[in-house]
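Text of start-v1.pdb (PDB, C-alpha atoms) as supplied:
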ATOM      1  CA  MET L 797     -88.874  22.645  35.392
ATOM      2  CA  GLU L 798     -87.749  25.235  32.969
ATOM      3  CA  ASP L 799     -84.608  25.336  34.913
ATOM      4  CA  GLU L 800     -84.241  21.677  34.492
ATOM      5  CA  VAL L 801     -84.906  21.872  30.783
ATOM      6  CA  THR L 802     -82.337  24.622  30.439
ATOM      7  CA  LYS L 803     -79.934  22.594  32.417
ATOM      8  CA  LYS L 804     -80.548  19.566  30.276
ATOM      9  CA  ARG L 805     -80.245  21.670  27.132
ATOM     10  CA  ARG L 806     -76.950  23.077  28.297
ATOM     11  CA  LYS L 807     -75.842  19.619  29.152
ATOM     12  CA  LEU L 808     -76.955  18.403  25.751
ATOM     13  CA  GLU L 809     -75.200  21.311  24.024
ATOM     14  CA  GLU L 810     -72.138  20.601  26.064
ATOM     15  CA  MET L 811     -72.330  16.938  25.064
ATOM     16  CA  GLU L 812     -72.780  17.942  21.398
ATOM     17  CA  ARG L 813     -69.728  20.230  21.597
ATOM     18  CA  GLU L 814     -67.821  17.462  23.297
ATOM     19  CA  HIS L 815     -69.011  15.054  20.621
ATOM     20  CA  GLU L 816     -67.953  17.561  17.906
ATOM     21  CA  ARG L 817     -64.532  17.958  19.533
ATOM     22  CA  SER L 818     -64.212  14.186  19.749
ATOM     23  CA  ARG L 819     -65.211  13.849  16.101
ATOM     24  CA  GLU L 820     -62.709  16.559  15.079
ATOM     25  CA  GLU L 821     -60.069  14.904  17.202
ATOM     26  CA  GLU L 822     -60.923  11.562  15.601
ATOM     27  CA  GLU L 823     -60.588  13.099  12.106
ATOM     28  CA  ARG L 824     -57.299  14.727  13.068
ATOM     29  CA  LEU L 825     -56.040  11.451  14.477
ATOM     30  CA  HIS L 826     -57.249   9.638  11.370
ATOM     31  CA  ARG L 827     -55.354  12.108   9.108
ATOM     32  CA  GLU L 828     -52.298  11.823  11.315
ATOM     33  CA  ASN L 829     -52.577   8.036  11.259
ATOM     34  CA  SER L 830     -52.837   8.089   7.448
ATOM     35  CA  ARG L 831     -49.754  10.325   7.233
ATOM     36  CA  TYR L 832     -47.834   7.992   9.544
ATOM     37  CA  ARG L 833     -48.934   4.975   7.502
ATOM     38  CA  GLU L 834     -47.606   6.658   4.365
ATOM     39  CA  GLU L 835     -44.331   7.403   6.155
ATOM     40  CA  VAL L 836     -44.111   3.780   7.315
ATOM     41  CA  LEU L 837     -44.763   2.593   3.751
ATOM     42  CA  ASP L 838     -42.117   5.004   2.422
ATOM     43  CA  LEU L 839     -39.668   3.862   5.097
ATOM     44  CA  SER L 840     -40.459   0.208   4.350
ATOM     45  CA  SER L 841     -39.880   0.841   0.662
ATOM     46  CA  ARG L 842     -36.628   2.666   1.416
ATOM     47  CA  ASN L 843     -35.587  -0.136   3.778
ATOM     48  CA  LEU L 844     -36.253  -2.706   1.058
ATOM     49  CA  GLN L 845     -34.211  -0.660  -1.439
ATOM     50  CA  LEU L 846     -31.365  -0.315   1.069
ATOM     51  CA  SER L 847     -31.485  -4.052   1.780
ATOM     52  CA  THR L 848     -31.263  -4.751  -1.963
ATOM     53  CA  ASP L 849     -28.363  -2.286  -2.328
ATOM     54  CA  ASN L 850     -26.660  -3.843   0.685
ATOM     55  CA  ALA L 851     -26.984  -7.342  -0.803
ATOM     56  CA  GLU L 852     -25.519  -6.121  -4.112
ATOM     57  CA  LEU L 853     -22.673  -4.343  -2.340
ATOM     58  CA  SER L 854     -22.000  -7.415  -0.196
ATOM     59  CA  THR L 855     -21.801  -9.543  -3.331
ATOM     60  CA  ARG L 856     -19.438  -7.041  -4.960
ATOM     61  CA  LEU L 857     -17.382  -6.884  -1.776
ATOM     62  CA  ARG L 858     -16.956 -10.656  -1.730
ATOM     63  CA  GLY L 859     -15.936 -10.569  -5.389
ATOM     64  CA  ASP L 860     -13.515  -7.719  -4.762
ATOM     65  CA  GLN L 861     -12.077  -9.504  -1.736
ATOM     66  CA  GLU L 862     -11.524 -12.608  -3.857
ATOM     67  CA  SER L 863      -9.853 -10.464  -6.522
ATOM     68  CA  VAL L 864      -7.621  -8.873  -3.886
ATOM     69  CA  ARG L 865      -6.724 -12.312  -2.513
ATOM     70  CA  MET L 866      -5.840 -13.553  -6.008
ATOM     71  CA  LEU L 867      -3.824 -10.389  -6.699
ATOM     72  CA  HIS L 868      -1.934 -10.849  -3.414
ATOM     73  CA  GLU L 869      -1.133 -14.424  -4.417
ATOM     74  CA  ARG L 870      -0.005 -13.284  -7.864
ATOM     75  CA  LEU L 871       2.086 -10.498  -6.335
ATOM     76  CA  ALA L 872       3.741 -12.991  -3.993
ATOM     77  CA  THR L 873       4.439 -15.328  -6.914
ATOM     78  CA  VAL L 874       5.833 -12.531  -9.110
ATOM     79  CA  SER L 875       7.927 -11.184  -6.232
ATOM     80  CA  LYS L 876       9.353 -14.649  -5.607
ATOM     81  CA  GLU L 877      10.071 -15.098  -9.321
ATOM     82  CA  GLN L 878      11.755 -11.695  -9.466
ATOM     83  CA  GLU L 879      13.859 -12.556  -6.424
ATOM     84  CA  GLU L 880      14.848 -15.865  -8.001
ATOM     85  CA  GLU L 881      15.670 -14.081 -11.259
ATOM     86  CA  HIS L 882      17.689 -11.498  -9.338
ATOM     87  CA  VAL L 883      19.645 -14.292  -7.643
ATOM     88  CA  ALA L 884      20.176 -16.004 -11.015
ATOM     89  CA  VAL L 885      21.328 -12.734 -12.614
ATOM     90  CA  ARG L 886      23.691 -12.155  -9.688
ATOM     91  CA  GLN L 887      25.076 -15.670 -10.050
ATOM     92  CA  LEU L 888      25.534 -15.178 -13.791
ATOM     93  CA  GLN L 889      27.246 -11.834 -13.197
ATOM     94  CA  ASP L 890      29.540 -13.436 -10.623
ATOM     95  CA  ALA L 891      30.293 -16.317 -13.019
ATOM     96  CA  ALA L 892      30.960 -13.862 -15.870
ATOM     97  CA  LEU L 893      33.254 -11.835 -13.628
ATOM     98  CA  GLN L 894      35.102 -14.986 -12.539
ATOM     99  CA  HIS L 895      35.339 -16.068 -16.168
ATOM    100  CA  GLU L 896      36.738 -12.641 -17.102
ATOM    101  CA  ARG L 897      39.310 -12.860 -14.307
ATOM    102  CA  GLU L 898      40.356 -16.330 -15.436
ATOM    103  CA  LYS L 899      40.540 -15.086 -19.028
ATOM    104  CA  LEU L 900      42.755 -12.176 -17.999
ATOM    105  CA  GLN L 901      44.962 -14.506 -15.939
ATOM    106  CA  LEU L 902      45.271 -16.869 -18.917
ATOM    107  CA  GLN L 903      46.058 -13.974 -21.227
ATOM    108  CA  ALA L 904      48.710 -12.727 -18.827
ATOM    109  CA  SER L 905      50.122 -16.254 -18.523
ATOM    110  CA  TRP L 906      50.061 -16.745 -22.290
ATOM    111  CA  THR L 907      51.664 -13.329 -22.828
ATOM    112  CA  GLN L 908      54.396 -14.209 -20.322
ATOM    113  CA  GLU L 909      54.914 -17.636 -21.882
ATOM    114  CA  LYS L 910      54.946 -16.076 -25.385
ATOM    115  CA  GLN L 911      57.568 -13.565 -24.296
ATOM    116  CA  LEU L 912      59.621 -16.345 -22.750
ATOM    117  CA  LEU L 913      59.308 -18.476 -25.890
ATOM    118  CA  GLU L 914      60.175 -15.486 -28.084
ATOM    119  CA  ALA L 915      63.237 -14.821 -25.917
ATOM    120  CA  GLU L 916      64.242 -18.491 -26.164
ATOM    121  CA  LEU L 917      63.608 -18.424 -29.921
ATOM    122  CA  SER L 918      65.653 -15.278 -30.273
ATOM    123  CA  ALA L 919      68.474 -16.786 -28.217
ATOM    124  CA  SER L 920      68.295 -19.967 -30.272
ATOM    125  CA  LYS L 921      68.350 -17.954 -33.492
ATOM    126  CA  GLU L 922      71.362 -16.075 -32.265
ATOM    127  CA  LYS L 923      73.155 -19.334 -31.465
ATOM    128  CA  VAL L 924      72.199 -20.822 -34.793
ATOM    129  CA  GLY L 925      73.075 -17.598 -36.573
ATOM    130  CA  GLY L 926      76.445 -17.421 -34.810
ATOM    131  CA  SER L 927      77.206 -21.025 -35.708
ATOM    132  CA  GLU L 928      76.373 -20.397 -39.333
ATOM    133  CA  LEU L 929      78.632 -17.391 -39.366
ATOM    134  CA  LYS L 930      81.495 -19.479 -38.073
ATOM    135  CA  LEU L 931      80.830 -22.113 -40.679
ATOM    136  CA  GLN L 932      80.576 -19.597 -43.474
ATOM    137  CA  ASP L 933      83.471 -17.343 -42.400
ATOM    138  CA  PRO L 934      86.327 -17.859 -44.947
ATOM    139  CA  SER L 935      89.015 -16.599 -42.616
ATOM    140  CA  SER L 936      88.376 -19.349 -40.221
ATOM    141  CA  GLU L 937      88.757 -21.912 -43.050
ATOM    142  CA  SER L 938      92.108 -20.526 -44.245
ATOM    143  CA  GLU L 939      93.463 -20.823 -40.806
ATOM    144  CA  ARG L 940      92.587 -24.432 -40.848
ATOM    145  CA  THR L 941      94.884 -25.958 -43.305
ATOM    146  CA  PRO L 942      95.723 -29.623 -43.465
ATOM    147  CA  SER L 943      99.083 -28.893 -42.001
ATOM    148  CA  SER L 944      97.592 -27.234 -39.028
ATOM    149  CA  PHE L 945      95.858 -30.435 -38.121
ATOM    150  CA  SER L 946      97.979 -32.473 -35.873
ATOM    151  CA  PRO L 947      97.688 -36.163 -35.906
ATOM    152  CA  VAL L 948      96.643 -37.674 -32.741
TER     153      VAL L 948
END

Will you turn the file into C-alpha cells for me?
Amino acid sequence: MEDEVTKKRRKLEEMEREHERSREEEERLHRENSRYREEVLDLSSRNLQLSTDNAELSTRLRGDQESVRMLHERLATVSKEQEEEHVAVRQLQDAALQHEREKLQLQASWTQEKQLLEAELSASKEKVGGSELKLQDPSSESERTPSSFSPV
C-alpha cells in the first residue's frame, strides 16, 4: 500500500507540476495575447490614420487634377491665341512690305514723271526763251524794213 501511496503521490506531484506548467503556459499565452492585442490596436490606429491621410491625398489629387485640366485648357487657348496673333502679325508684316513696295514703285514712277516733266518744261522754256530772243533781237528788226516786205 505504501507503494501505492507513493505512486499516487508521485502521480499527484506530476499532476501538480503539469498543472503549474499549464498555468505558466496560460500566463505566458495571456501576456502574449495582450501584446498581440496592443499590436492589433496600434495597427488599427495606424490603419485609420493612413486611411484618413489617403482620403486627404485623394481629395488633393482630384483638386490638382482639375487644376491641371484647367491649366491645359488655358494653355491650349493661349497657344491658339498666340498662333492667331502670329498669323495676324505675319499678315500685317506682309501688308506693310507690300505697301512699302508700292510706295517705292510710286516714288520711282513720280521721280520718272517729274524728270520727264522737268525735261519738257526745260525744253518749253528753251523754246519760249529762243522766241523771246528773236523778238527782242534788234538786228532782226533792222533787217525787216518796210521795203523788204513784198506785197503779195

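Distance-wise, CA of Val836 in chain L and CA of Glu821 in chain L end up 21.8 Å apart.
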
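What separates CA of Met797 in chain L from CA of Met811 in chain L is a distance of 20.3 Å.
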
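Atom to atom, CA of Arg813 in chain L and CA of Tyr832 in chain L stand 27.8 Å apart.
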
Set up a box along x, y and z of the file covering all listed atoms of range 862-867 of chain L, add 4 Å on every one of the six sides, and write the centre and edge lengths in Å to one decimal, as JSON.
{"center_x": -7.7, "center_y": -11.2, "center_z": -4.6, "size_x": 15.7, "size_y": 12.7, "size_z": 12.2}
